[in-house]
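**Student:** The following file, query.cif, comprises mmCIF, C-alpha atoms:
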```cif
data_data
#
loop_
_atom_site.label_atom_id
_atom_site.label_comp_id
_atom_site.auth_asym_id
_atom_site.auth_seq_id
_atom_site.Cartn_x
_atom_site.Cartn_y
_atom_site.Cartn_z
CA PHE A 1122 -4.60 0.41 -9.50
CA ARG A 1123 -2.02 -2.27 -10.28
CA ARG A 1124 -4.61 -5.00 -10.76
CA ALA A 1125 -6.42 -2.76 -13.27
CA GLY A 1126 -3.36 -2.21 -15.44
CA TYR A 1127 -2.29 1.08 -13.82
CA ARG A 1128 -5.57 2.88 -14.40
CA THR A 1129 -7.86 4.59 -11.90
CA PRO A 1130 -11.58 3.69 -11.71
CA ASP A 1131 -12.60 6.75 -13.77
CA GLU A 1132 -10.14 5.78 -16.55
CA PHE A 1133 -11.86 2.47 -17.36
CA ASN A 1134 -12.91 2.10 -21.01
CA LYS A 1135 -11.42 5.49 -21.92
CA GLU A 1136 -8.67 6.26 -24.39
CA GLN A 1137 -5.32 7.07 -22.80
CA ASP A 1138 -2.90 9.92 -23.42
CA VAL A 1139 0.50 8.25 -23.67
CA SER A 1140 2.23 11.41 -24.88
CA LYS A 1141 2.87 12.34 -21.22
CA VAL A 1142 5.44 9.58 -21.02
CA GLY A 1143 7.00 11.13 -17.92
CA ASP A 1144 3.93 10.03 -15.97
CA PHE A 1145 4.80 6.39 -16.69
CA LEU A 1146 8.60 6.32 -16.35
CA SER A 1147 10.77 6.02 -13.24
CA VAL A 1148 14.32 5.09 -12.27
CA ARG A 1149 15.72 3.42 -9.14
CA ALA A 1150 19.32 3.19 -7.95
CA ARG A 1151 20.45 1.18 -4.91
CA THR A 1152 23.86 1.30 -3.22
CA ARG A 1153 24.74 -0.91 -0.26
CA ILE A 1154 27.26 -1.68 2.43
CA GLY A 1155 27.21 -5.37 3.33
CA TYR A 1156 28.71 -7.37 6.19
CA GLU A 1157 28.77 -11.16 6.67
CA ASN A 1158 30.30 -13.33 9.38
CA LYS A 1159 29.64 -17.01 8.77
CA GLU A 1160 30.73 -19.67 11.23
CA GLY A 1161 33.86 -21.35 9.89
CA GLY A 1162 34.21 -18.77 7.12
CA ILE A 1163 36.03 -15.50 6.54
CA GLU A 1164 34.49 -12.32 7.89
CA ARG A 1165 33.56 -10.14 4.90
CA SER A 1166 32.42 -6.60 4.21
CA GLU A 1167 31.95 -4.78 0.92
CA PHE A 1168 30.49 -1.75 -0.83
CA THR A 1169 28.20 -2.54 -3.76
CA LEU A 1170 26.14 -0.85 -6.41
CA ASN A 1171 23.30 -3.35 -6.25
CA ASP A 1172 21.45 -2.24 -9.37
CA VAL A 1173 20.03 0.56 -11.48
CA THR A 1174 16.49 -0.15 -12.66
CA PHE A 1175 14.24 1.52 -15.24
CA PHE A 1176 10.47 1.17 -14.95
CA TYR A 1177 7.57 1.84 -17.30
CA ALA A 1178 4.07 1.28 -15.96
CA GLY A 1179 0.89 2.65 -17.47
CA ALA A 1180 -2.24 2.22 -19.54
CA LEU A 1181 -1.63 2.37 -23.32
CA THR A 1182 -5.14 2.21 -24.78
CA LYS A 1183 -8.71 1.83 -23.63
CA ASN A 1184 -8.11 -1.82 -22.71
CA PHE A 1185 -4.36 -2.47 -22.74
CA SER A 1186 -1.46 -1.62 -20.43
CA ALA A 1187 2.27 -2.30 -20.27
CA PHE A 1188 4.81 -2.86 -17.53
CA VAL A 1189 8.57 -2.96 -18.17
CA GLU A 1190 11.29 -3.38 -15.53
CA SER A 1191 14.87 -3.39 -16.81
CA GLU A 1192 17.40 -3.97 -14.07
CA ILE A 1193 21.11 -3.45 -14.73
CA GLU A 1194 23.12 -5.21 -12.04
CA SER A 1195 26.59 -4.19 -10.90
CA THR A 1196 28.05 -7.06 -12.94
CA GLY A 1197 26.59 -5.55 -16.11
CA GLU A 1198 23.97 -8.29 -16.47
CA ILE A 1199 20.50 -7.10 -17.43
CA GLU A 1200 17.36 -8.65 -15.96
CA LEU A 1201 14.20 -7.89 -17.89
CA VAL A 1202 10.54 -8.06 -16.99
CA GLY A 1203 8.06 -7.05 -19.67
CA GLN A 1204 4.35 -7.71 -19.88
CA LEU A 1205 1.24 -6.64 -21.73
CA GLN A 1206 -2.10 -6.67 -19.92
CA GLY A 1207 -5.64 -6.45 -21.23
CA VAL A 1208 -8.50 -5.35 -18.97
CA PHE A 1209 -12.13 -5.87 -20.03
CA GLY A 1210 -15.15 -4.78 -17.99
CA SER A 1211 -15.97 -2.10 -15.44
CA SER A 1212 -13.94 -0.91 -12.45
CA ASP A 1213 -16.06 -3.07 -10.10
CA ARG A 1214 -15.95 -6.24 -12.19
CA TYR A 1215 -13.52 -7.12 -14.96
CA VAL A 1216 -11.36 -9.80 -16.58
CA SER A 1217 -7.61 -9.26 -16.82
CA ILE A 1218 -5.23 -11.10 -19.18
CA ARG A 1219 -1.51 -10.64 -18.55
CA ALA A 1220 1.29 -12.17 -20.66
CA GLY A 1221 5.05 -11.85 -21.06
CA GLN A 1222 8.13 -12.27 -18.91
CA MET A 1223 6.75 -11.31 -15.54
CA HIS A 1224 6.64 -11.54 -11.74
CA PRO A 1225 4.11 -14.39 -11.35
CA LEU A 1226 3.03 -13.65 -7.74
CA GLN A 1227 5.80 -12.24 -5.56
CA ARG A 1228 5.98 -8.42 -6.05
CA MET A 1229 2.53 -8.45 -7.68
CA GLY A 1230 0.28 -9.79 -4.91
CA PHE A 1231 -1.21 -8.90 -1.54
CA GLY A 1232 -0.86 -9.84 2.11
CA GLY A 1233 2.93 -10.14 2.04
CA PHE A 1234 3.40 -10.86 -1.68
CA ASP A 1235 4.13 -7.22 -2.45
CA ARG A 1236 7.65 -5.77 -2.62
CA PRO A 1237 9.42 -5.96 0.75
CA SER A 1238 9.26 -3.06 3.19
CA GLY A 1239 12.95 -3.49 4.01
CA ILE A 1240 15.87 -4.67 1.90
CA SER A 1241 15.60 -8.45 1.60
CA THR A 1242 12.70 -10.55 0.36
CA ASN A 1243 11.09 -12.80 2.96
CA PRO A 1244 13.00 -16.15 2.80
CA LEU A 1245 9.83 -18.22 2.31
CA HIS A 1246 9.46 -16.54 -1.07
CA SER A 1247 13.13 -16.24 -2.03
CA THR A 1248 14.60 -19.70 -1.23
CA THR A 1249 14.04 -23.22 -2.57
CA LEU A 1250 12.43 -24.52 0.70
CA THR A 1251 13.37 -28.20 0.19
CA ARG A 1252 16.38 -30.48 0.36
CA ALA A 1253 16.82 -34.09 -0.84
CA GLY A 1254 19.68 -35.84 0.95
CA THR A 1255 22.98 -34.42 -0.30
CA ILE A 1256 21.39 -32.18 -2.94
CA SER A 1257 18.71 -29.55 -3.03
CA GLY A 1258 15.17 -30.48 -3.91
CA ALA A 1259 13.33 -28.78 -6.76
CA ASN A 1260 15.31 -25.73 -7.88
CA PHE A 1261 12.37 -23.37 -7.51
CA ALA A 1262 11.49 -20.29 -5.49
CA LEU A 1263 8.34 -18.17 -5.56
CA ASN A 1264 10.20 -14.96 -6.40
CA LYS A 1265 11.62 -16.30 -9.67
CA ASP A 1266 10.48 -14.36 -12.75
CA GLN A 1267 8.92 -16.50 -15.46
CA LYS A 1268 7.44 -16.41 -18.95
CA GLY A 1269 3.77 -17.21 -19.22
CA ILE A 1270 0.18 -16.03 -19.29
CA GLU A 1271 -2.32 -15.16 -16.56
CA VAL A 1272 -6.10 -14.90 -16.64
CA ALA A 1273 -7.77 -13.24 -13.65
CA TYR A 1274 -11.30 -12.30 -12.62
CA VAL A 1275 -11.65 -9.28 -10.33
CA GLN A 1276 -14.82 -8.37 -8.47
CA GLY A 1277 -14.60 -5.61 -5.92
CA ARG A 1278 -11.72 -6.38 -3.57
CA ALA A 1279 -11.40 -10.05 -4.61
CA ARG A 1280 -9.26 -11.53 -7.38
CA LEU A 1281 -9.14 -15.14 -8.63
CA LEU A 1282 -6.27 -15.91 -10.98
CA ALA A 1283 -4.75 -18.79 -12.93
CA GLN A 1284 -1.37 -18.89 -14.68
CA VAL A 1285 0.35 -21.18 -17.17
CA LEU A 1286 4.14 -20.75 -17.04
CA ASN A 1287 7.17 -22.17 -18.85
CA GLY A 1288 8.67 -23.15 -15.50
CA MET A 1289 12.30 -23.54 -14.48
CA ASN A 1290 15.19 -24.57 -16.71
CA THR A 1291 18.02 -26.83 -15.55
CA GLY A 1292 19.72 -23.89 -13.83
CA GLY A 1293 16.63 -22.83 -11.91
CA SER A 1294 15.87 -19.83 -14.14
CA GLY A 1295 12.45 -19.01 -15.53
CA THR A 1296 13.68 -16.32 -17.92
CA ALA A 1297 16.64 -17.85 -19.79
CA ASN A 1298 16.30 -17.99 -23.58
CA LYS A 1299 17.62 -21.54 -23.56
CA GLY A 1300 17.07 -24.42 -21.21
CA ASP A 1301 13.29 -24.97 -21.35
CA ILE A 1302 13.93 -28.49 -22.59
CA ASP A 1303 10.41 -29.95 -22.59
CA SER A 1304 6.84 -28.99 -23.45
CA GLN A 1305 5.49 -29.37 -19.93
CA LYS A 1306 4.27 -26.25 -18.16
CA ASP A 1307 3.88 -25.08 -14.59
CA TYR A 1308 0.53 -23.99 -13.14
CA LEU A 1309 -0.40 -21.48 -10.47
CA VAL A 1310 -3.84 -20.72 -9.06
CA ALA A 1311 -4.46 -18.14 -6.35
CA TYR A 1312 -7.20 -16.21 -4.60
CA GLU A 1313 -6.51 -12.74 -3.19
CA HIS A 1314 -8.68 -10.46 -1.11
CA ILE A 1315 -8.07 -6.89 0.04
CA LEU A 1316 -9.54 -6.50 3.52
CA ASP A 1317 -9.58 -2.71 3.98
CA ASP A 1318 -8.48 0.66 2.58
CA ILE A 1319 -5.00 0.56 4.16
CA ALA A 1320 -3.60 -2.47 2.32
CA SER A 1321 -4.51 -5.36 4.64
CA GLY A 1322 -5.22 -8.58 2.76
CA PHE A 1323 -4.54 -12.27 2.23
CA THR A 1324 -3.53 -14.67 -0.54
CA VAL A 1325 -4.10 -18.42 -0.84
CA PHE A 1326 -2.17 -20.18 -3.62
CA TYR A 1327 -1.23 -23.54 -5.14
CA TYR A 1328 1.72 -24.05 -7.49
CA LYS A 1329 2.39 -27.26 -9.49
CA GLY A 1330 5.61 -27.56 -11.46
CA THR A 1331 7.86 -29.95 -13.39
CA TYR A 1332 11.41 -29.79 -14.65
CA HIS A 1333 14.01 -32.19 -16.06
CA GLN A 1334 17.71 -32.29 -15.26
CA THR A 1335 18.75 -33.43 -18.71
CA ALA A 1336 17.43 -33.20 -22.26
CA THR A 1337 18.03 -36.80 -23.31
CA SER A 1338 15.89 -39.77 -24.25
CA SER A 1339 16.19 -40.93 -20.63
CA ALA A 1340 15.00 -37.59 -19.26
CA ILE A 1341 11.97 -39.28 -17.72
CA ASN A 1342 14.38 -40.64 -15.11
CA GLN A 1343 15.50 -37.08 -14.30
CA ARG A 1344 12.05 -35.55 -13.83
CA PHE A 1345 11.22 -33.50 -10.74
CA ASP A 1346 7.56 -32.87 -9.93
CA TYR A 1347 6.98 -30.37 -7.17
CA SER A 1348 4.15 -28.47 -5.54
CA ARG A 1349 3.79 -25.55 -3.15
CA PHE A 1350 0.61 -24.72 -1.24
CA GLY A 1351 0.35 -21.80 1.11
CA VAL A 1352 -1.35 -18.79 2.60
CA ASN A 1353 -0.03 -15.31 3.32
CA ALA A 1354 -1.85 -12.55 5.20
CA ASN A 1355 -1.31 -9.15 6.76
CA LYS A 1356 -3.40 -6.83 8.91
CA ILE A 1357 -2.64 -3.14 9.50
CA PHE A 1358 -3.96 -1.36 12.58
CA PRO A 1359 -4.13 2.43 12.97
CA VAL A 1360 -2.65 3.30 16.38
CA SER A 1361 -1.80 6.49 18.24
CA PHE A 1362 1.76 6.71 16.85
CA GLY A 1363 0.87 5.72 13.28
CA PHE A 1364 0.36 2.17 12.06
CA PHE A 1365 1.11 -1.32 13.36
CA GLU A 1366 1.20 -4.28 10.98
CA LEU A 1367 1.19 -8.02 11.57
CA GLN A 1368 2.15 -10.27 8.67
CA GLY A 1369 2.73 -13.99 8.28
CA GLY A 1370 2.56 -17.00 6.04
CA PHE A 1371 2.83 -20.78 5.77
CA ILE A 1372 3.99 -22.91 2.82
CA ARG A 1373 3.75 -26.68 2.47
CA SER A 1374 6.23 -28.14 -0.04
CA TYR A 1375 6.32 -31.52 -1.73
CA ASP A 1376 8.97 -32.73 -4.21
CA ASN A 1377 8.67 -35.95 -6.17
CA VAL A 1378 12.37 -36.71 -6.69
CA PRO A 1379 13.71 -39.20 -9.28
CA SER A 1380 14.84 -42.45 -7.67
CA SER A 1381 18.22 -42.08 -9.37
CA VAL A 1382 18.75 -38.84 -7.45
CA GLY A 1383 17.20 -39.38 -4.03
CA THR A 1384 13.94 -39.78 -2.17
CA ASP A 1385 10.79 -37.67 -2.13
CA VAL A 1386 10.89 -34.61 0.11
CA GLU A 1387 8.26 -32.86 2.20
CA GLY A 1388 8.89 -29.46 3.73
CA ASN A 1389 7.16 -26.94 5.97
CA ALA A 1390 7.93 -23.25 6.30
CA PHE A 1391 6.36 -20.29 8.05
CA TYR A 1392 7.20 -16.73 9.04
CA VAL A 1393 5.78 -13.95 11.18
CA GLU A 1394 6.63 -10.27 10.87
CA SER A 1395 5.62 -7.08 12.63
CA GLN A 1396 6.06 -3.50 11.49
CA GLN A 1397 5.66 -0.16 13.23
CA VAL A 1398 5.27 3.03 11.19
CA LEU A 1399 5.61 6.46 12.86
CA LYS A 1400 3.19 8.76 11.05
CA ASP A 1401 5.09 12.04 11.66
CA THR A 1402 8.40 10.90 10.13
CA TRP A 1403 7.33 7.64 8.37
CA LEU A 1404 10.23 5.97 10.14
CA THR A 1405 9.48 2.23 10.02
CA PHE A 1406 10.78 -0.60 12.19
CA PHE A 1407 10.25 -4.29 11.35
CA GLU A 1408 11.01 -7.64 12.96
CA ARG A 1409 10.76 -11.04 11.26
CA TYR A 1410 11.16 -14.67 12.26
CA ALA A 1411 11.25 -17.41 9.60
CA LEU A 1412 11.52 -21.18 10.02
CA ILE A 1413 12.14 -23.45 7.04
CA GLU A 1414 12.03 -27.23 7.58
CA GLN A 1415 13.63 -28.42 4.33
CA ASP A 1416 13.01 -32.13 4.83
CA VAL A 1417 10.51 -33.15 7.51
CA ALA A 1418 11.64 -36.79 7.50
CA ARG A 1419 15.30 -35.98 8.24
CA LYS A 1420 16.93 -34.45 11.30
CA ASN A 1421 19.00 -31.28 11.16
CA THR A 1422 17.37 -29.80 8.06
CA ARG A 1423 15.93 -26.76 9.78
CA ARG A 1424 16.83 -23.15 9.02
CA GLN A 1425 15.81 -20.26 11.26
CA ASP A 1426 16.26 -16.58 10.38
CA TYR A 1427 15.86 -13.69 12.82
CA THR A 1428 15.71 -10.28 11.11
CA LEU A 1429 15.54 -6.72 12.44
CA GLY A 1430 15.38 -3.63 10.26
CA THR A 1431 14.47 -0.02 9.86
CA VAL A 1432 13.50 2.19 6.91
CA MET A 1433 13.42 5.99 6.80
CA PRO A 1434 12.65 8.55 4.09
CA VAL A 1435 15.59 10.95 3.88
CA GLN A 1436 14.34 13.42 1.32
CA THR A 1437 11.57 13.43 -1.28
CA TRP A 1438 13.12 10.87 -3.62
CA LEU A 1439 15.54 9.17 -1.24
CA ARG A 1440 15.27 6.52 1.48
CA ALA A 1441 17.71 4.80 3.78
CA ALA A 1442 17.33 1.27 5.19
CA ALA A 1443 19.30 -0.99 7.51
CA GLU A 1444 18.79 -4.71 8.12
CA TYR A 1445 20.41 -7.35 10.32
CA THR A 1446 19.84 -11.12 10.13
CA TYR A 1447 21.04 -13.94 12.34
CA SER A 1448 20.66 -17.29 10.58
CA ASP A 1449 20.82 -20.65 12.35
CA ASN A 1450 21.25 -22.84 9.29
CA ARG A 1451 21.26 -26.46 10.47
CA ALA A 1452 19.72 -27.25 7.08
CA GLU A 1453 23.27 -27.41 5.74
CA THR A 1454 23.89 -30.58 7.76
CA VAL A 1455 24.11 -33.71 5.59
CA PRO A 1456 24.00 -37.03 7.52
CA GLY A 1457 26.98 -39.28 6.85
CA THR A 1458 29.19 -36.45 5.60
CA ALA A 1459 31.47 -33.82 7.08
CA LEU A 1460 28.93 -31.08 6.31
CA THR A 1461 27.43 -29.61 9.45
CA GLY A 1462 25.03 -26.78 10.05
CA THR A 1463 26.37 -23.29 10.61
CA SER A 1464 25.21 -19.98 11.95
CA SER A 1465 25.86 -16.59 10.40
CA HIS A 1466 25.45 -12.88 11.02
CA SER A 1467 24.76 -10.52 8.15
CA ALA A 1468 23.97 -6.82 7.91
CA LEU A 1469 23.03 -4.48 5.08
CA VAL A 1470 22.76 -0.71 4.87
CA GLU A 1471 21.09 0.60 1.72
CA LEU A 1472 20.53 4.00 0.19
CA MET A 1473 17.80 3.96 -2.46
CA ALA A 1474 16.90 6.75 -4.84
CA ASN A 1475 13.63 6.73 -6.79
CA TRP A 1476 12.57 9.40 -9.24
#
```
Show me the file's structure as structure tokens.
**Tutor:**
Amino acid sequence: FRRAGYRTPDEFNKEQDVSKVGDFLSVRARTRIGYENKEGGIERSEFTLNDVTFFYAGALTKNFSAFVESEIESTGEIELVGQLQGVFGSSDRYVSIRAGQMHPLQRMGFGGFDRPSGISTNPLHSTTLTRAGTISGANFALNKDQKGIEVAYVQGRARLLAQVLNGMNTGGSGTANKGDIDSQKDYLVAYEHILDDIASGFTVFYYKGTYHQTATSSAINQRFDYSRFGVNANKIFPVSFGFFELQGGFIRSYDNVPSSVGTDVEGNAFYVESQQVLKDTWLTFFERYALIEQDVARKNTRRQDYTLGTVMPVQTWLRAAAEYTYSDNRAETVPGTALTGTSSHSALVELMANW
């Protein structure tokens, strides 16, 4: 349904009735209670309005669809995702062209690249994954929204896609109006396959990117080239109490760092996650372990996260979720400095309304 531009198989190549705009609009509000206790830091807790988000998703014409996600954060800042998508062919075999300011892969893919079941996004997709000496490596994460274009070919349950993206600016943003200081683009290719009718699947991807730290005539000396290659998969099993899911992924990272900044960096990261869904109440439990080796050649650059959580529908349009993470973050250690790795405990309780 999402791959096909929010149209069902019997809606292919048919004109759409967009006058029923209520069928395409939705709103989400998320409030949270957060707790953090970081080694060597101050114990903190706070109440937050995380965001209010407006969505539009639906087919506009016989071949074109639109998706808009406007998120108003508690600070008043507005994050915008907006894309147009063309779909050409039949429901079994078609070409899709998607363009705009969009989620490139995370929140749009399969086998763990969908939106998270709990509160937080899996750290392999939401962090930079690399470190170069006393600074971070390439300022890039897979969950960053970007501006670009995608061409995909879908046949049955398989999808092959390629994207050309503006890439990151100097602040690590893919959506800022300013900061894309060169003409070089980033490239993503991926293959996805849905394995069954209950959302099991896998994704294999390769990402190649470039960004510059400065926009000067000597910018060639501040050029970062980076790549990410990985696989993500999940399998859902019907069991007596409901459903049991296994999910996991691996990402290999490589950063070509300017000699004026540091040395090249190689990183490895993987995670495993299990979920249990009780079919009578749809109460869900999940457990996740993630390991991120931010610089394979250096000692004490490893981060490990242990996460436990639960999600429960409260009423028709309301859900509650709780999540706890223990993080052993030796990746903060920098040899030759006073910086040493730390551990931390964090917890979130979230109430989400969708209507």
**Student:** Quick one: of A:Glu1394, A:Asp1426, A:Asp1213, A:Glu1167, who's nearest to Ala1125 (chain A), counting only C-alpha atoms?
**Tutor:**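 Of the candidates, the smallest distance to Ala1125 (chain A) is held by A:Asp1213.
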**Student:** State, in Å with one decimal place, the distance from CA of Tyr1347 (chain A) to CA of Tyr1375 (chain A).
**Tutor:**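 Interatomic distance here is 5.6 Å.
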**Student:** Env of Tyr1177 (chain A): 12 Å cut, atoms = all atoms listed in the file, seq-sep filter 6 positions within chain, self excluded. Answer as a list in words.
**Tutor:**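 Counting only the stated atoms, we get Gly1126, Tyr1127, Val1139, Val1142, Gly1143, Asp1144, Phe1145, Leu1146, Ser1147, Val1148, Arg1149, Ser1186, Ala1187, Phe1188, Val1189, Glu1190, Ser1191, Glu1192, Leu1201, Val1202, Gly1203, Gln1204 and Leu1205 of chain A.
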**Student:** Could you tell me how far CA of Leu1245 (chain A) sits from CA of Arg1419 (chain A), in Å to one decimal place?
**Tutor:** 19.5 Å
**Student:** Which protein, DNA or RNA residues are at most 12 Å from (21.1, -4.2, 11.8) in the file's coordinates when you count all atoms listed in the file, listed as JSON, numbers by chain?
**Tutor:** {"A": [1154, 1155, 1156, 1157, 1239, 1240, 1406, 1407, 1408, 1427, 1428, 1429, 1430, 1431, 1432, 1442, 1443, 1444, 1445, 1446, 1447, 1466, 1467, 1468, 1469, 1470, 1471]}
**Student:** Can you tell me which residues surround Arg1124 (chain A) at a distance of at most 10 Å, considering all atoms listed in the file, apart from same-chain residues fewer than 3 positions away, and format the answer as an mmCIF file with C-alpha atoms, in the coordinates of the input?
**Tutor:**
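Below is the file part.cif, written as the result:
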```cif
data_model
loop_
_atom_site.group_PDB
_atom_site.id
_atom_site.type_symbol
_atom_site.label_atom_id
_atom_site.label_comp_id
_atom_site.auth_asym_id
_atom_site.auth_seq_id
_atom_site.Cartn_x
_atom_site.Cartn_y
_atom_site.Cartn_z
ATOM 1 C CA TYR A 1127 -2.290 1.080 -13.820
ATOM 2 C CA ARG A 1128 -5.570 2.880 -14.400
ATOM 3 C CA GLN A 1206 -2.100 -6.670 -19.920
ATOM 4 C CA VAL A 1208 -8.500 -5.350 -18.970
ATOM 5 C CA SER A 1217 -7.610 -9.260 -16.820
ATOM 6 C CA MET A 1229 2.530 -8.450 -7.680
ATOM 7 C CA GLY A 1230 0.280 -9.790 -4.910
ATOM 8 C CA ALA A 1273 -7.770 -13.240 -13.650
ATOM 9 C CA VAL A 1275 -11.650 -9.280 -10.330
ATOM 10 C CA ARG A 1280 -9.260 -11.530 -7.380
#
```
**Student:** Restricting the calculation to all atoms listed in the file, which member of A:Leu1399, A:Ala1452, A:Leu1226, A:Leu1250 is positioned closest to Thr1324 (chain A)?
**Tutor:** A:Leu1226
**Student:** Go through A:Lys1420, A:Ser1212, A:Phe1391, A:Glu1194 and flag the residue nearest Phe1122 (chain A), using all atoms listed in the file for the distances.
**Tutor:**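 Of all the options, A:Ser1212 lies closest to Phe1122 (chain A).
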**Student:** Residues near Arg1349 (chain A), anyone? I mean within 12 Å using only C-alpha atoms, not counting same-chain ones fewer than 5 positions away, as a PyMOL selection string.
**Tutor:** chain A and resi 1245-1246+1249-1251+1259+1261-1263+1307-1311+1325-1331+1371-1377+1386-1390
**Student:** Can you translate the PyMOL selection byres ((chain A and resi 1352-1364) around 6) into the concrete residues it hits in this file, as number ranges by chain?
**Tutor:** A: 1232, 1321-1325, 1351, 1365-1371, 1397-1400
**Student:** Kindly give the distance, in Å, that separates CA of Gly1293 (chain A) and CA of Ser1448 (chain A), rounded to a single decimal.
**Tutor:** 23.5 Å
**Student:** Which of these, A:Gln1343, A:Gln1396, A:Asn1184, A:Thr1405, has the shortest distance to Gly1210 (chain A) once you count all atoms listed in the file?
**Tutor:**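 Smallest separation from Gly1210 (chain A) among the options: A:Asn1184.
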**Student:** Supply region 1229-1235 of chain A as a compact mmCIF listing (two decimals), keeping the file's coordinate frame, with all heavy atoms built in where the input has gaps.
**Tutor:**
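New file selection_29.txt:
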```
# COMPACT_ATOMS: atom_id res chain seq x y z
N MET A 1229 3.76 -8.84 -6.97
CA MET A 1229 2.53 -8.45 -7.68
C MET A 1229 1.28 -8.76 -6.87
O MET A 1229 0.18 -8.51 -7.33
CB MET A 1229 2.44 -9.16 -9.03
CG MET A 1229 3.53 -8.80 -10.02
SD MET A 1229 3.52 -7.07 -10.51
CE MET A 1229 2.03 -7.01 -11.50
N GLY A 1230 1.44 -9.33 -5.66
CA GLY A 1230 0.28 -9.79 -4.91
C GLY A 1230 0.02 -8.99 -3.65
O GLY A 1230 0.51 -7.87 -3.49
N PHE A 1231 -0.76 -9.57 -2.75
CA PHE A 1231 -1.21 -8.90 -1.54
C PHE A 1231 -0.91 -9.75 -0.31
O PHE A 1231 -0.64 -10.94 -0.41
CB PHE A 1231 -2.71 -8.61 -1.61
CG PHE A 1231 -3.05 -7.53 -2.60
CD1 PHE A 1231 -3.27 -7.82 -3.93
CD2 PHE A 1231 -3.13 -6.21 -2.18
CE1 PHE A 1231 -3.57 -6.82 -4.84
CE2 PHE A 1231 -3.43 -5.20 -3.08
CZ PHE A 1231 -3.66 -5.51 -4.42
N GLY A 1232 -1.01 -9.12 0.85
CA GLY A 1232 -0.86 -9.84 2.11
C GLY A 1232 0.52 -10.39 2.33
O GLY A 1232 0.70 -11.46 2.92
N GLY A 1233 1.57 -9.68 1.89
CA GLY A 1233 2.93 -10.14 2.04
C GLY A 1233 3.59 -10.53 0.73
O GLY A 1233 4.79 -10.82 0.70
N PHE A 1234 2.84 -10.55 -0.36
CA PHE A 1234 3.40 -10.86 -1.68
C PHE A 1234 3.75 -9.60 -2.46
O PHE A 1234 4.04 -9.66 -3.65
CB PHE A 1234 2.43 -11.72 -2.50
CG PHE A 1234 2.55 -13.19 -2.20
CD1 PHE A 1234 1.60 -13.83 -1.45
CD2 PHE A 1234 3.64 -13.91 -2.65
CE1 PHE A 1234 1.70 -15.19 -1.17
CE2 PHE A 1234 3.77 -15.26 -2.38
CZ PHE A 1234 2.79 -15.91 -1.64
N ASP A 1235 3.71 -8.44 -1.81
CA ASP A 1235 4.13 -7.22 -2.45
C ASP A 1235 5.65 -7.09 -2.33
O ASP A 1235 6.33 -7.98 -1.80
CB ASP A 1235 3.44 -6.02 -1.79
CG ASP A 1235 3.23 -4.87 -2.76
OD1 ASP A 1235 4.10 -4.67 -3.62
OD2 ASP A 1235 2.21 -4.17 -2.64
```
